[in-house]
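Visitor: My structure is in structure.pdb, and what it holds is PDB, C-alpha atoms:
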```
ATOM      1  CA  MET A   7     -56.421  65.342   5.650  1.00  0.00           C
ATOM      2  CA  GLN A   8     -53.069  63.749   4.873  1.00  0.00           C
ATOM      3  CA  LYS A   9     -53.563  61.211   7.653  1.00  0.00           C
ATOM      4  CA  ALA A  10     -57.011  60.343   6.329  1.00  0.00           C
ATOM      5  CA  LEU A  11     -55.635  59.919   2.798  1.00  0.00           C
ATOM      6  CA  LEU A  12     -52.784  57.755   4.095  1.00  0.00           C
ATOM      7  CA  LEU A  13     -55.234  55.616   6.071  1.00  0.00           C
ATOM      8  CA  PHE A  14     -57.425  55.204   2.965  1.00  0.00           C
ATOM      9  CA  MET A  15     -54.439  54.114   0.850  1.00  0.00           C
ATOM     10  CA  VAL A  16     -53.306  51.581   3.466  1.00  0.00           C
ATOM     11  CA  THR A  17     -56.838  50.184   3.737  1.00  0.00           C
ATOM     12  CA  LEU A  18     -57.115  49.937  -0.064  1.00  0.00           C
ATOM     13  CA  PHE A  19     -53.759  48.173  -0.262  1.00  0.00           C
ATOM     14  CA  ILE A  20     -54.753  45.612   2.376  1.00  0.00           C
ATOM     15  CA  ALA A  21     -58.109  44.971   0.687  1.00  0.00           C
ATOM     16  CA  SER A  22     -56.420  44.582  -2.701  1.00  0.00           C
ATOM     17  CA  THR A  23     -53.939  42.131  -1.232  1.00  0.00           C
ATOM     18  CA  GLN A  24     -56.740  40.048   0.281  1.00  0.00           C
ATOM     19  CA  ILE A  25     -58.684  39.969  -2.993  1.00  0.00           C
ATOM     20  CA  TYR A  26     -55.550  39.115  -4.981  1.00  0.00           C
ATOM     21  CA  SER A  27     -54.821  36.259  -2.598  1.00  0.00           C
ATOM     22  CA  GLN A  28     -58.244  34.823  -3.450  1.00  0.00           C
ATOM     23  CA  VAL A  29     -57.666  35.003  -7.205  1.00  0.00           C
ATOM     24  CA  THR A  30     -56.594  31.699  -8.743  1.00  0.00           C
ATOM     25  CA  LEU A  31     -55.402  30.962 -12.272  1.00  0.00           C
ATOM     26  CA  GLN A  32     -54.996  27.577 -13.891  1.00  0.00           C
ATOM     27  CA  LEU A  33     -53.813  26.738 -17.403  1.00  0.00           C
ATOM     28  CA  GLY A  34     -53.764  23.343 -19.059  1.00  0.00           C
ATOM     29  CA  GLY A  35     -54.492  21.084 -21.988  1.00  0.00           C
ATOM     30  CA  GLY A  36     -55.874  17.678 -22.737  1.00  0.00           C
ATOM     31  CA  LEU A  37     -57.712  15.190 -24.909  1.00  0.00           C
ATOM     32  CA  GLY A  38     -61.324  14.147 -25.317  1.00  0.00           C
ATOM     33  CA  TYR A  39     -63.776  11.790 -26.986  1.00  0.00           C
ATOM     34  CA  ILE A  40     -66.744  13.033 -29.033  1.00  0.00           C
ATOM     35  CA  SER A  41     -70.010  11.082 -29.433  1.00  0.00           C
ATOM     36  CA  PRO A  42     -72.493  12.677 -31.902  1.00  0.00           C
ATOM     37  CA  THR A  43     -76.198  12.405 -31.113  1.00  0.00           C
ATOM     38  CA  GLY A  44     -79.480  12.921 -32.944  1.00  0.00           C
ATOM     39  CA  ASP A  45     -79.139  14.470 -36.386  1.00  0.00           C
ATOM     40  CA  TYR A  46     -75.345  14.566 -36.092  1.00  0.00           C
ATOM     41  CA  GLY A  47     -75.242  10.793 -35.716  1.00  0.00           C
ATOM     42  CA  GLY A  48     -77.028   8.189 -37.802  1.00  0.00           C
ATOM     43  CA  SER A  49     -75.575   6.250 -40.710  1.00  0.00           C
ATOM     44  CA  THR A  50     -74.064   7.180 -44.060  1.00  0.00           C
ATOM     45  CA  VAL A  51     -77.358   6.052 -45.620  1.00  0.00           C
ATOM     46  CA  ASP A  52     -79.044   8.809 -43.582  1.00  0.00           C
ATOM     47  CA  PHE A  53     -76.376  11.250 -44.768  1.00  0.00           C
ATOM     48  CA  TYR A  54     -76.939  10.297 -48.406  1.00  0.00           C
ATOM     49  CA  ASN A  55     -80.695  10.764 -47.933  1.00  0.00           C
ATOM     50  CA  GLY A  56     -80.196  14.212 -46.380  1.00  0.00           C
ATOM     51  CA  THR A  57     -81.768  13.420 -43.001  1.00  0.00           C
ATOM     52  CA  LYS A  58     -78.650  13.209 -40.778  1.00  0.00           C
ATOM     53  CA  TYR A  59     -74.883  13.686 -40.960  1.00  0.00           C
ATOM     54  CA  GLY A  60     -73.876  10.067 -40.378  1.00  0.00           C
ATOM     55  CA  MET A  61     -71.070  10.778 -37.898  1.00  0.00           C
ATOM     56  CA  SER A  62     -70.037   7.973 -35.564  1.00  0.00           C
ATOM     57  CA  SER A  63     -67.370   9.296 -33.166  1.00  0.00           C
ATOM     58  CA  GLY A  64     -64.237  11.383 -32.915  1.00  0.00           C
ATOM     59  CA  PHE A  65     -61.566  13.009 -30.794  1.00  0.00           C
ATOM     60  CA  ASN A  66     -60.836  16.371 -29.248  1.00  0.00           C
ATOM     61  CA  TYR A  67     -57.666  18.348 -28.488  1.00  0.00           C
ATOM     62  CA  HIS A  68     -57.977  21.416 -26.306  1.00  0.00           C
ATOM     63  CA  ALA A  69     -56.384  24.100 -24.146  1.00  0.00           C
ATOM     64  CA  LYS A  70     -58.229  25.408 -21.088  1.00  0.00           C
ATOM     65  CA  ALA A  71     -57.913  28.355 -18.718  1.00  0.00           C
ATOM     66  CA  ARG A  72     -59.740  28.723 -15.401  1.00  0.00           C
ATOM     67  CA  VAL A  73     -59.835  31.934 -13.348  1.00  0.00           C
ATOM     68  CA  GLY A  74     -61.286  31.927  -9.834  1.00  0.00           C
ATOM     69  CA  LEU A  75     -62.359  34.936  -7.801  1.00  0.00           C
ATOM     70  CA  LEU A  76     -64.277  34.907  -4.504  1.00  0.00           C
ATOM     71  CA  GLY A  77     -65.770  31.455  -5.067  1.00  0.00           C
ATOM     72  CA  LEU A  78     -66.806  31.958  -8.719  1.00  0.00           C
ATOM     73  CA  ASN A  79     -64.804  30.490 -11.585  1.00  0.00           C
ATOM     74  CA  LEU A  80     -64.767  31.596 -15.193  1.00  0.00           C
ATOM     75  CA  PHE A  81     -63.275  29.355 -17.863  1.00  0.00           C
ATOM     76  CA  GLY A  82     -62.294  29.540 -21.502  1.00  0.00           C
ATOM     77  CA  ILE A  83     -61.467  26.757 -23.944  1.00  0.00           C
ATOM     78  CA  ILE A  84     -59.851  26.600 -27.370  1.00  0.00           C
ATOM     79  CA  GLU A  85     -60.397  23.221 -28.976  1.00  0.00           C
ATOM     80  CA  TYR A  86     -60.262  21.261 -32.209  1.00  0.00           C
ATOM     81  CA  SER A  87     -62.499  18.235 -32.658  1.00  0.00           C
ATOM     82  CA  THR A  88     -62.679  15.677 -35.437  1.00  0.00           C
ATOM     83  CA  VAL A  89     -65.606  13.366 -36.197  1.00  0.00           C
ATOM     84  CA  SER A  90     -66.193  11.009 -39.107  1.00  0.00           C
ATOM     85  CA  GLY A  91     -68.392   8.318 -40.549  1.00  0.00           C
ATOM     86  CA  ASP A  92     -68.103   5.827 -43.407  1.00  0.00           C
ATOM     87  CA  GLY A  93     -70.298   3.203 -45.007  1.00  0.00           C
ATOM     88  CA  GLU A  94     -72.746   2.623 -47.836  1.00  0.00           C
ATOM     89  CA  SER A  95     -74.924   5.203 -49.562  1.00  0.00           C
ATOM     90  CA  GLU A  96     -77.734   2.682 -49.991  1.00  0.00           C
ATOM     91  CA  PRO A  97     -78.036  -0.919 -48.760  1.00  0.00           C
ATOM     92  CA  GLY A  98     -75.450  -2.896 -50.702  1.00  0.00           C
ATOM     93  CA  GLN A  99     -74.458   0.026 -52.898  1.00  0.00           C
ATOM     94  CA  GLY A 100     -71.908   2.849 -52.983  1.00  0.00           C
ATOM     95  CA  GLU A 101     -69.202   4.007 -50.563  1.00  0.00           C
ATOM     96  CA  VAL A 102     -69.315   7.227 -48.548  1.00  0.00           C
ATOM     97  CA  GLU A 103     -66.656   8.746 -46.274  1.00  0.00           C
ATOM     98  CA  ASN A 104     -67.635  11.894 -44.387  1.00  0.00           C
ATOM     99  CA  SER A 105     -65.466  13.854 -41.931  1.00  0.00           C
ATOM    100  CA  HIS A 106     -65.717  17.169 -40.057  1.00  0.00           C
ATOM    101  CA  GLY A 107     -63.182  19.287 -38.213  1.00  0.00           C
ATOM    102  CA  ILE A 108     -64.646  21.697 -35.630  1.00  0.00           C
ATOM    103  CA  PHE A 109     -62.603  24.599 -34.273  1.00  0.00           C
ATOM    104  CA  SER A 110     -64.355  25.991 -31.176  1.00  0.00           C
ATOM    105  CA  LEU A 111     -63.986  28.865 -28.743  1.00  0.00           C
ATOM    106  CA  LYS A 112     -65.945  28.425 -25.500  1.00  0.00           C
ATOM    107  CA  ALA A 113     -66.392  30.534 -22.371  1.00  0.00           C
ATOM    108  CA  GLY A 114     -68.692  30.587 -19.376  1.00  0.00           C
ATOM    109  CA  PRO A 115     -69.125  30.378 -15.585  1.00  0.00           C
ATOM    110  CA  GLU A 116     -68.189  27.410 -13.423  1.00  0.00           C
ATOM    111  CA  PHE A 117     -69.538  26.580  -9.948  1.00  0.00           C
ATOM    112  CA  ASN A 118     -67.356  24.467  -7.669  1.00  0.00           C
ATOM    113  CA  PHE A 119     -68.207  22.152  -4.780  1.00  0.00           C
ATOM    114  CA  SER A 120     -65.294  20.992  -2.651  1.00  0.00           C
ATOM    115  CA  VAL A 121     -65.046  18.088  -0.246  1.00  0.00           C
ATOM    116  CA  PRO A 122     -63.454  19.141   3.075  1.00  0.00           C
ATOM    117  CA  LEU A 123     -60.021  17.625   3.754  1.00  0.00           C
ATOM    118  CA  SER A 124     -60.149  15.826   0.383  1.00  0.00           C
ATOM    119  CA  PRO A 125     -58.206  16.247  -2.890  1.00  0.00           C
ATOM    120  CA  ILE A 126     -61.476  15.755  -4.807  1.00  0.00           C
ATOM    121  CA  GLY A 127     -63.845  18.484  -5.942  1.00  0.00           C
ATOM    122  CA  PHE A 128     -66.787  18.783  -8.302  1.00  0.00           C
ATOM    123  CA  TYR A 129     -68.106  21.456 -10.658  1.00  0.00           C
ATOM    124  CA  LEU A 130     -71.048  22.378 -12.851  1.00  0.00           C
ATOM    125  CA  ASP A 131     -70.712  24.796 -15.760  1.00  0.00           C
ATOM    126  CA  GLY A 132     -72.358  26.317 -18.797  1.00  0.00           C
ATOM    127  CA  PHE A 133     -70.932  28.060 -21.846  1.00  0.00           C
ATOM    128  CA  VAL A 134     -71.481  29.791 -25.142  1.00  0.00           C
ATOM    129  CA  SER A 135     -69.419  28.760 -28.150  1.00  0.00           C
ATOM    130  CA  VAL A 136     -68.316  29.854 -31.597  1.00  0.00           C
ATOM    131  CA  ASN A 137     -67.783  26.834 -33.867  1.00  0.00           C
ATOM    132  CA  THR A 138     -66.178  26.757 -37.313  1.00  0.00           C
ATOM    133  CA  PHE A 139     -66.694  23.638 -39.425  1.00  0.00           C
ATOM    134  CA  SER A 140     -64.504  22.264 -42.202  1.00  0.00           C
ATOM    135  CA  GLY A 141     -64.105  18.803 -43.660  1.00  0.00           C
ATOM    136  CA  THR A 142     -64.247  16.479 -46.656  1.00  0.00           C
ATOM    137  CA  VAL A 143     -66.690  14.041 -48.202  1.00  0.00           C
ATOM    138  CA  LYS A 144     -65.774  11.200 -50.558  1.00  0.00           C
ATOM    139  CA  PHE A 145     -68.092   9.240 -52.862  1.00  0.00           C
ATOM    140  CA  GLN A 146     -67.388   6.042 -54.782  1.00  0.00           C
ATOM    141  CA  GLY A 147     -70.009   4.401 -56.979  1.00  0.00           C
ATOM    142  CA  VAL A 148     -72.855   6.460 -55.505  1.00  0.00           C
ATOM    143  CA  ALA A 149     -76.051   7.144 -57.469  1.00  0.00           C
ATOM    144  CA  GLN A 150     -76.808  10.808 -58.321  1.00  0.00           C
ATOM    145  CA  VAL A 151     -73.327  11.969 -57.159  1.00  0.00           C
ATOM    146  CA  PRO A 152     -70.070  12.019 -59.162  1.00  0.00           C
ATOM    147  CA  THR A 153     -67.245   9.884 -57.780  1.00  0.00           C
ATOM    148  CA  GLY A 154     -64.515  11.897 -56.049  1.00  0.00           C
ATOM    149  CA  GLU A 155     -63.380  13.636 -52.884  1.00  0.00           C
ATOM    150  CA  TYR A 156     -64.779  17.109 -52.145  1.00  0.00           C
ATOM    151  CA  ASN A 157     -64.068  19.780 -49.539  1.00  0.00           C
ATOM    152  CA  LEU A 158     -66.782  21.008 -47.198  1.00  0.00           C
ATOM    153  CA  GLU A 159     -67.324  24.755 -47.460  1.00  0.00           C
ATOM    154  CA  SER A 160     -66.202  26.393 -44.209  1.00  0.00           C
ATOM    155  CA  ALA A 161     -69.105  27.532 -42.008  1.00  0.00           C
ATOM    156  CA  THR A 162     -69.416  29.149 -38.573  1.00  0.00           C
ATOM    157  CA  ARG A 163     -72.236  28.513 -36.100  1.00  0.00           C
ATOM    158  CA  PHE A 164     -72.969  29.754 -32.575  1.00  0.00           C
ATOM    159  CA  GLY A 165     -73.856  27.319 -29.836  1.00  0.00           C
ATOM    160  CA  VAL A 166     -74.270  26.641 -26.147  1.00  0.00           C
ATOM    161  CA  GLY A 167     -73.523  23.782 -23.808  1.00  0.00           C
ATOM    162  CA  ALA A 168     -73.439  22.596 -20.221  1.00  0.00           C
ATOM    163  CA  GLY A 169     -71.936  19.896 -18.083  1.00  0.00           C
ATOM    164  CA  GLY A 170     -69.771  19.182 -15.110  1.00  0.00           C
ATOM    165  CA  GLY A 171     -66.802  17.294 -13.881  1.00  0.00           C
ATOM    166  CA  VAL A 172     -64.518  16.030 -11.158  1.00  0.00           C
ATOM    167  CA  LEU A 173     -61.313  17.754 -10.054  1.00  0.00           C
ATOM    168  CA  LEU A 174     -58.514  15.667  -8.556  1.00  0.00           C
ATOM    169  CA  ASP A 175     -55.484  17.383  -7.008  1.00  0.00           C
ATOM    170  CA  ILE A 176     -52.469  15.123  -7.586  1.00  0.00           C
ATOM    171  CA  LEU A 177     -49.765  17.690  -6.739  1.00  0.00           C
ATOM    172  CA  PRO A 178     -49.882  21.078  -4.990  1.00  0.00           C
ATOM    173  CA  VAL A 179     -50.093  22.874  -8.363  1.00  0.00           C
ATOM    174  CA  VAL A 180     -51.429  20.111 -10.641  1.00  0.00           C
ATOM    175  CA  THR A 181     -55.102  19.166 -10.959  1.00  0.00           C
ATOM    176  CA  LEU A 182     -56.689  16.551 -13.204  1.00  0.00           C
ATOM    177  CA  ASP A 183     -60.022  17.702 -14.645  1.00  0.00           C
ATOM    178  CA  PHE A 184     -62.403  14.940 -15.765  1.00  0.00           C
ATOM    179  CA  GLY A 185     -65.256  16.598 -17.684  1.00  0.00           C
ATOM    180  CA  VAL A 186     -68.542  15.546 -19.296  1.00  0.00           C
ATOM    181  CA  HIS A 187     -70.387  18.078 -21.447  1.00  0.00           C
ATOM    182  CA  TYR A 188     -73.230  18.255 -23.928  1.00  0.00           C
ATOM    183  CA  ASN A 189     -72.568  20.534 -26.892  1.00  0.00           C
ATOM    184  CA  LEU A 190     -75.220  22.164 -29.070  1.00  0.00           C
ATOM    185  CA  TYR A 191     -72.991  23.457 -31.843  1.00  0.00           C
ATOM    186  CA  ASN A 192     -75.495  25.171 -34.148  1.00  0.00           C
ATOM    187  CA  VAL A 193     -78.192  26.819 -32.028  1.00  0.00           C
ATOM    188  CA  PHE A 194     -77.785  30.049 -34.022  1.00  0.00           C
ATOM    189  CA  GLY A 195     -76.792  30.678 -37.630  1.00  0.00           C
ATOM    190  CA  GLN A 196     -78.354  27.673 -39.336  1.00  0.00           C
ATOM    191  CA  THR A 197     -78.576  28.102 -43.089  1.00  0.00           C
ATOM    192  CA  TYR A 198     -78.784  26.281 -46.408  1.00  0.00           C
ATOM    193  CA  THR A 199     -76.085  27.399 -48.840  1.00  0.00           C
ATOM    194  CA  GLY A 200     -76.299  24.926 -51.712  1.00  0.00           C
ATOM    195  CA  THR A 201     -76.065  26.591 -55.118  1.00  0.00           C
ATOM    196  CA  THR A 202     -77.543  23.755 -57.249  1.00  0.00           C
ATOM    197  CA  THR A 203     -74.927  24.471 -59.944  1.00  0.00           C
ATOM    198  CA  ASN A 204     -73.031  21.216 -59.405  1.00  0.00           C
ATOM    199  CA  PRO A 205     -74.059  17.888 -60.953  1.00  0.00           C
ATOM    200  CA  LYS A 206     -77.225  16.477 -59.450  1.00  0.00           C
ATOM    201  CA  ARG A 207     -77.320  16.638 -55.636  1.00  0.00           C
ATOM    202  CA  LEU A 208     -73.613  17.257 -54.902  1.00  0.00           C
ATOM    203  CA  ASP A 209     -74.305  20.700 -53.374  1.00  0.00           C
ATOM    204  CA  ALA A 210     -76.351  19.077 -50.618  1.00  0.00           C
ATOM    205  CA  TYR A 211     -73.143  17.475 -49.280  1.00  0.00           C
ATOM    206  CA  THR A 212     -70.409  20.079 -49.863  1.00  0.00           C
ATOM    207  CA  SER A 213     -71.877  22.698 -47.486  1.00  0.00           C
ATOM    208  CA  LEU A 214     -72.939  22.233 -43.865  1.00  0.00           C
ATOM    209  CA  ASN A 215     -76.575  22.842 -44.882  1.00  0.00           C
ATOM    210  CA  ASP A 216     -78.123  22.547 -41.423  1.00  0.00           C
ATOM    211  CA  ASP A 217     -81.294  24.373 -42.474  1.00  0.00           C
ATOM    212  CA  LYS A 218     -84.023  23.119 -44.793  1.00  0.00           C
ATOM    213  CA  ASP A 219     -83.444  23.342 -48.540  1.00  0.00           C
ATOM    214  CA  PRO A 220     -85.976  25.972 -49.697  1.00  0.00           C
ATOM    215  CA  LEU A 221     -86.426  23.996 -52.929  1.00  0.00           C
ATOM    216  CA  PHE A 222     -87.177  20.711 -51.186  1.00  0.00           C
ATOM    217  CA  GLY A 223     -90.077  18.951 -52.870  1.00  0.00           C
ATOM    218  CA  THR A 224     -89.448  20.335 -56.363  1.00  0.00           C
ATOM    219  CA  ASP A 225     -87.072  17.531 -57.408  1.00  0.00           C
ATOM    220  CA  GLU A 226     -86.500  14.589 -55.085  1.00  0.00           C
ATOM    221  CA  ASP A 227     -83.248  13.612 -56.854  1.00  0.00           C
ATOM    222  CA  ILE A 228     -81.574  16.985 -56.171  1.00  0.00           C
ATOM    223  CA  PHE A 229     -83.243  18.856 -53.293  1.00  0.00           C
ATOM    224  CA  ILE A 230     -83.100  16.298 -50.484  1.00  0.00           C
ATOM    225  CA  ILE A 231     -82.790  18.194 -47.173  1.00  0.00           C
ATOM    226  CA  GLU A 232     -86.311  18.458 -45.787  1.00  0.00           C
ATOM    227  CA  ASN A 233     -85.701  19.693 -42.222  1.00  0.00           C
ATOM    228  CA  THR A 234     -83.327  21.710 -40.060  1.00  0.00           C
ATOM    229  CA  ARG A 235     -80.601  19.462 -38.639  1.00  0.00           C
ATOM    230  CA  ALA A 236     -79.200  19.903 -35.118  1.00  0.00           C
ATOM    231  CA  ILE A 237     -75.469  19.351 -34.581  1.00  0.00           C
ATOM    232  CA  ASN A 238     -75.141  18.012 -31.030  1.00  0.00           C
ATOM    233  CA  ALA A 239     -72.642  15.757 -29.276  1.00  0.00           C
ATOM    234  CA  TRP A 240     -71.514  14.434 -25.920  1.00  0.00           C
ATOM    235  CA  GLN A 241     -67.947  15.232 -25.000  1.00  0.00           C
ATOM    236  CA  PHE A 242     -65.755  13.407 -22.476  1.00  0.00           C
ATOM    237  CA  THR A 243     -62.460  15.115 -21.611  1.00  0.00           C
ATOM    238  CA  LEU A 244     -59.354  14.732 -19.488  1.00  0.00           C
ATOM    239  CA  THR A 245     -57.402  17.937 -18.832  1.00  0.00           C
ATOM    240  CA  ALA A 246     -54.228  18.484 -16.819  1.00  0.00           C
ATOM    241  CA  MET A 247     -54.423  21.915 -15.151  1.00  0.00           C
ATOM    242  CA  ILE A 248     -51.421  23.723 -13.636  1.00  0.00           C
ATOM    243  CA  GLY A 249     -51.832  26.481 -11.083  1.00  0.00           C
ATOM    244  CA  ILE A 250     -50.031  29.724 -11.905  1.00  0.00           C
TER
END
```
Rewrite the structure from the file as structure tokens, please.
Guide:
Amino acid sequence: MQKALLLFMVTLFIASTQIYSQVTLQLGGGLGYISPTGDYGGSTVDFYNGTKYGMSSGFNYHAKARVGLLGLNLFGIIEYSTVSGDGESEPGQGEVENSHGIFSLKAGPEFNFSVPLSPIGFYLDGFVSVNTFSGTVKFQGVAQVPTGEYNLESATRFGVGAGGGVLLDILPVVTLDFGVHYNLYNVFGQTYTGTTTNPKRLDAYTSLNDDKDPLFGTDEDIFIIENTRAINAWQFTLTAMIGI
């Protein structure tokens, strides 16, 4: 009995050692470029009219962790992105400056494809995300809205995304990760939170308001958001990963 128990413990130790040797951990950080699409893009005229957000482009700062076990990788990302847009409220009239900060937590699986005897590899991945929005909006000489700078009410949305990338080993423990991903930031949790207590249509701009205004159609000067608005963007990143 003792010999059998000893044999079992030795076997378990060897198996654990083999599994541990196949576990990899990488930590790193990097920068990225954000390109809004669809409803998140457009012009500041669209933003003033309540149809889009009028964001043009922005940047991303992030930290990333990748854990590999038996050929399957899991990754997690903490990131902060900024996007903005500025221009007229109507052709030849008014000035609008709109900016968002997005704090995101992302996690999901990653599938790797290596090239034999090469420092280059490829991956495809997918993720779920929790995204918290903040920001400011500034109006100058805009009809129906008082001049001034206003804070965006903080809002959290749940999203998904997918993409892929190229991995380049430049040192035994250092890998450059070139990624391209498409983010759907507000798949779940869309809502309209305007209170209509501020002058004219100001409430339409000081909350994220990615769902339809339930009072749309009752007063076209105040209740301007007719449809749900998707917050989507392409993301291009460069991350330096260090093996631990």
Visitor: Can you measure atom CA of A:Asp225 to atom CA of A:Thr50 for me? One decimal in Å is fine.
Guide: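 Here the two named atoms are 21.3 Å from each other.
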Visitor: What does the PyMOL selection byres ((chain A and resi 102) around 9) select in this file, as a compact mmCIF listing (two decimals) with C-alpha atoms, in the coordinates of the input?
Guide:
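So selection_37.txt came out as:
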```
# COMPACT_ATOMS: atom_id res chain seq x y z
CA THR A 50 -74.06 7.18 -44.06
CA VAL A 51 -77.36 6.05 -45.62
CA PHE A 53 -76.38 11.25 -44.77
CA TYR A 54 -76.94 10.30 -48.41
CA GLY A 91 -68.39 8.32 -40.55
CA ASP A 92 -68.10 5.83 -43.41
CA GLY A 93 -70.30 3.20 -45.01
CA GLU A 94 -72.75 2.62 -47.84
CA SER A 95 -74.92 5.20 -49.56
CA GLY A 100 -71.91 2.85 -52.98
CA GLU A 101 -69.20 4.01 -50.56
CA GLU A 103 -66.66 8.75 -46.27
CA ASN A 104 -67.64 11.89 -44.39
CA VAL A 143 -66.69 14.04 -48.20
CA LYS A 144 -65.77 11.20 -50.56
CA PHE A 145 -68.09 9.24 -52.86
CA GLN A 146 -67.39 6.04 -54.78
CA GLY A 147 -70.01 4.40 -56.98
CA VAL A 148 -72.86 6.46 -55.50
```
Visitor: Where does the PyMOL selection byres ((chain A and resi 138) around 7) land in this file, that is, which residues does it pick, as a ChimeraX atom specification?
Guide: /A:108-110,136-137,139-140,160-163
Visitor: Smallest atom-to-atom distance to A:Gly195: which of A:Gly170, A:Gly34, A:Gly165, A:Gly223, using all atoms listed in the file?
Guide: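 Nearest candidate to A:Gly195 out of A:Gly170, A:Gly34, A:Gly165, A:Gly223: A:Gly165.
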Visitor: Give me, as JSON, numbers by chain, all polymer residues having an atom no more than 8 Å from A:Gly56, counting all atoms listed in the file and skipping those fewer than 6 positions away in the same chain.
Guide: {"A": [210, 230, 231, 232]}
Visitor: When distances are computed from all atoms listed in the file, which of A:Val73, A:Leu111, A:Leu208, A:Val121 shows the smallest separation from A:Leu173?
Guide: A:Val121
Visitor: Give me, as a ChimeraX atom specification, all polymer residues having an atom no more than 7 Å from stretch 58-71 of chain A, counting all atoms listed in the file and skipping those fewer than 6 positions away in the same chain.
Guide: /A:32-42,45-50,52,81-91,235
Visitor: When you look at A:Asn118 with a cut-off of 10 Å (counting all atoms listed in the file), what residues show up, excluding the ones that are within fewer than 3 positions of it in the same chain? I need them as a PyMOL selection string.
Guide: chain A and resi 74+77-79+127-131+170-173
Visitor: Care to translate the PyMOL selection byres ((chain A and resi 142) around 6) into actual residues of this file, as a list in words?
Guide: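 Here the PyMOL selection byres ((chain A and resi 142) around 6) matches Ser105, Gly141, Val143, Tyr156, Asn157 and Leu158 of chain A.
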Visitor: Any chance you could work out the axis-aligned box around stretch 204-214 of chain A, listed atoms only, 5 Å on each side, giving centre and edge lengths in Å to one decimal, as AutoDock Vina command-line options?
Guide:
```
--center_x -73.9 --center_y 19.6 --center_z -52.4 --size_x 16.9 --size_y 16.2 --size_z 27.1
```
Visitor: Atom CA of A:Asn238 and atom CA of A:Asn189, how far apart in Å?
Guide: 5.5 Å
Visitor: Restricting the calculation to only C-alpha atoms: of A:Phe222, A:Phe184, A:Phe229, A:Tyr198, which residue gets closest to A:Phe242?
Guide: A:Phe184
Visitor: Measuring between only C-alpha atoms, which one of A:Leu221, A:Gly200, A:Arg207, A:His187 shows the shortest distance to A:Ala168?
Guide: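 The closest residue to A:Ala168 is A:His187.
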Visitor: Report, in Å to a single decimal, how far apart atom CA of A:Ser213 and atom CA of A:Gly107 are.
Guide: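 Interatomic distance here is 13.2 Å.
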Visitor: Considering all atoms listed in the file, can you say which of A:Thr212, A:Val134, A:Gln196, A:Leu177 comes closest to A:Glu155?
Guide: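 Result for the nearest residue to A:Glu155: A:Thr212.
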Visitor: Need the neighbours of (-69.3, 26.7, -26.2): which residues are at most 6 Å away, counting only C-alpha atoms, as a VMD selection string?
Guide: chain A and resid 112 133 to 135 165 to 167
Visitor: Since the input lacks some atoms of stretch 164-173 of chain A, please model N, CA, C and O atoms and print them as a compact mmCIF listing (two decimals), in the coordinates of the input.
Guide:
```txt
# COMPACT_ATOMS: atom_id res chain seq x y z
N PHE A 164 -73.04 29.37 -33.99
CA PHE A 164 -72.97 29.75 -32.58
C PHE A 164 -73.78 28.77 -31.75
O PHE A 164 -74.91 28.41 -32.12
N GLY A 165 -73.20 28.34 -30.63
CA GLY A 165 -73.86 27.32 -29.84
C GLY A 165 -73.80 27.58 -28.35
O GLY A 165 -73.27 28.59 -27.88
N VAL A 166 -74.30 26.62 -27.61
CA VAL A 166 -74.27 26.64 -26.15
C VAL A 166 -74.00 25.23 -25.66
O VAL A 166 -74.04 24.26 -26.44
N GLY A 167 -73.74 25.09 -24.37
CA GLY A 167 -73.52 23.78 -23.81
C GLY A 167 -73.48 23.84 -22.29
O GLY A 167 -73.46 24.92 -21.70
N ALA A 168 -73.48 22.68 -21.68
CA ALA A 168 -73.44 22.60 -20.22
C ALA A 168 -72.89 21.24 -19.82
O ALA A 168 -72.87 20.29 -20.62
N GLY A 169 -72.45 21.16 -18.57
CA GLY A 169 -71.94 19.90 -18.08
C GLY A 169 -71.36 20.03 -16.70
O GLY A 169 -71.73 20.90 -15.92
N GLY A 170 -70.40 19.18 -16.43
CA GLY A 170 -69.77 19.18 -15.11
C GLY A 170 -68.56 18.28 -15.12
O GLY A 170 -68.16 17.76 -16.16
N GLY A 171 -67.99 18.12 -13.94
CA GLY A 171 -66.80 17.29 -13.88
C GLY A 171 -66.29 17.07 -12.48
O GLY A 171 -66.87 17.53 -11.49
N VAL A 172 -65.19 16.35 -12.42
CA VAL A 172 -64.52 16.03 -11.16
C VAL A 172 -63.10 16.57 -11.23
O VAL A 172 -62.41 16.41 -12.24
N LEU A 173 -62.67 17.22 -10.15
CA LEU A 173 -61.31 17.75 -10.05
C LEU A 173 -60.53 16.94 -9.04
O LEU A 173 -60.99 16.72 -7.91
```
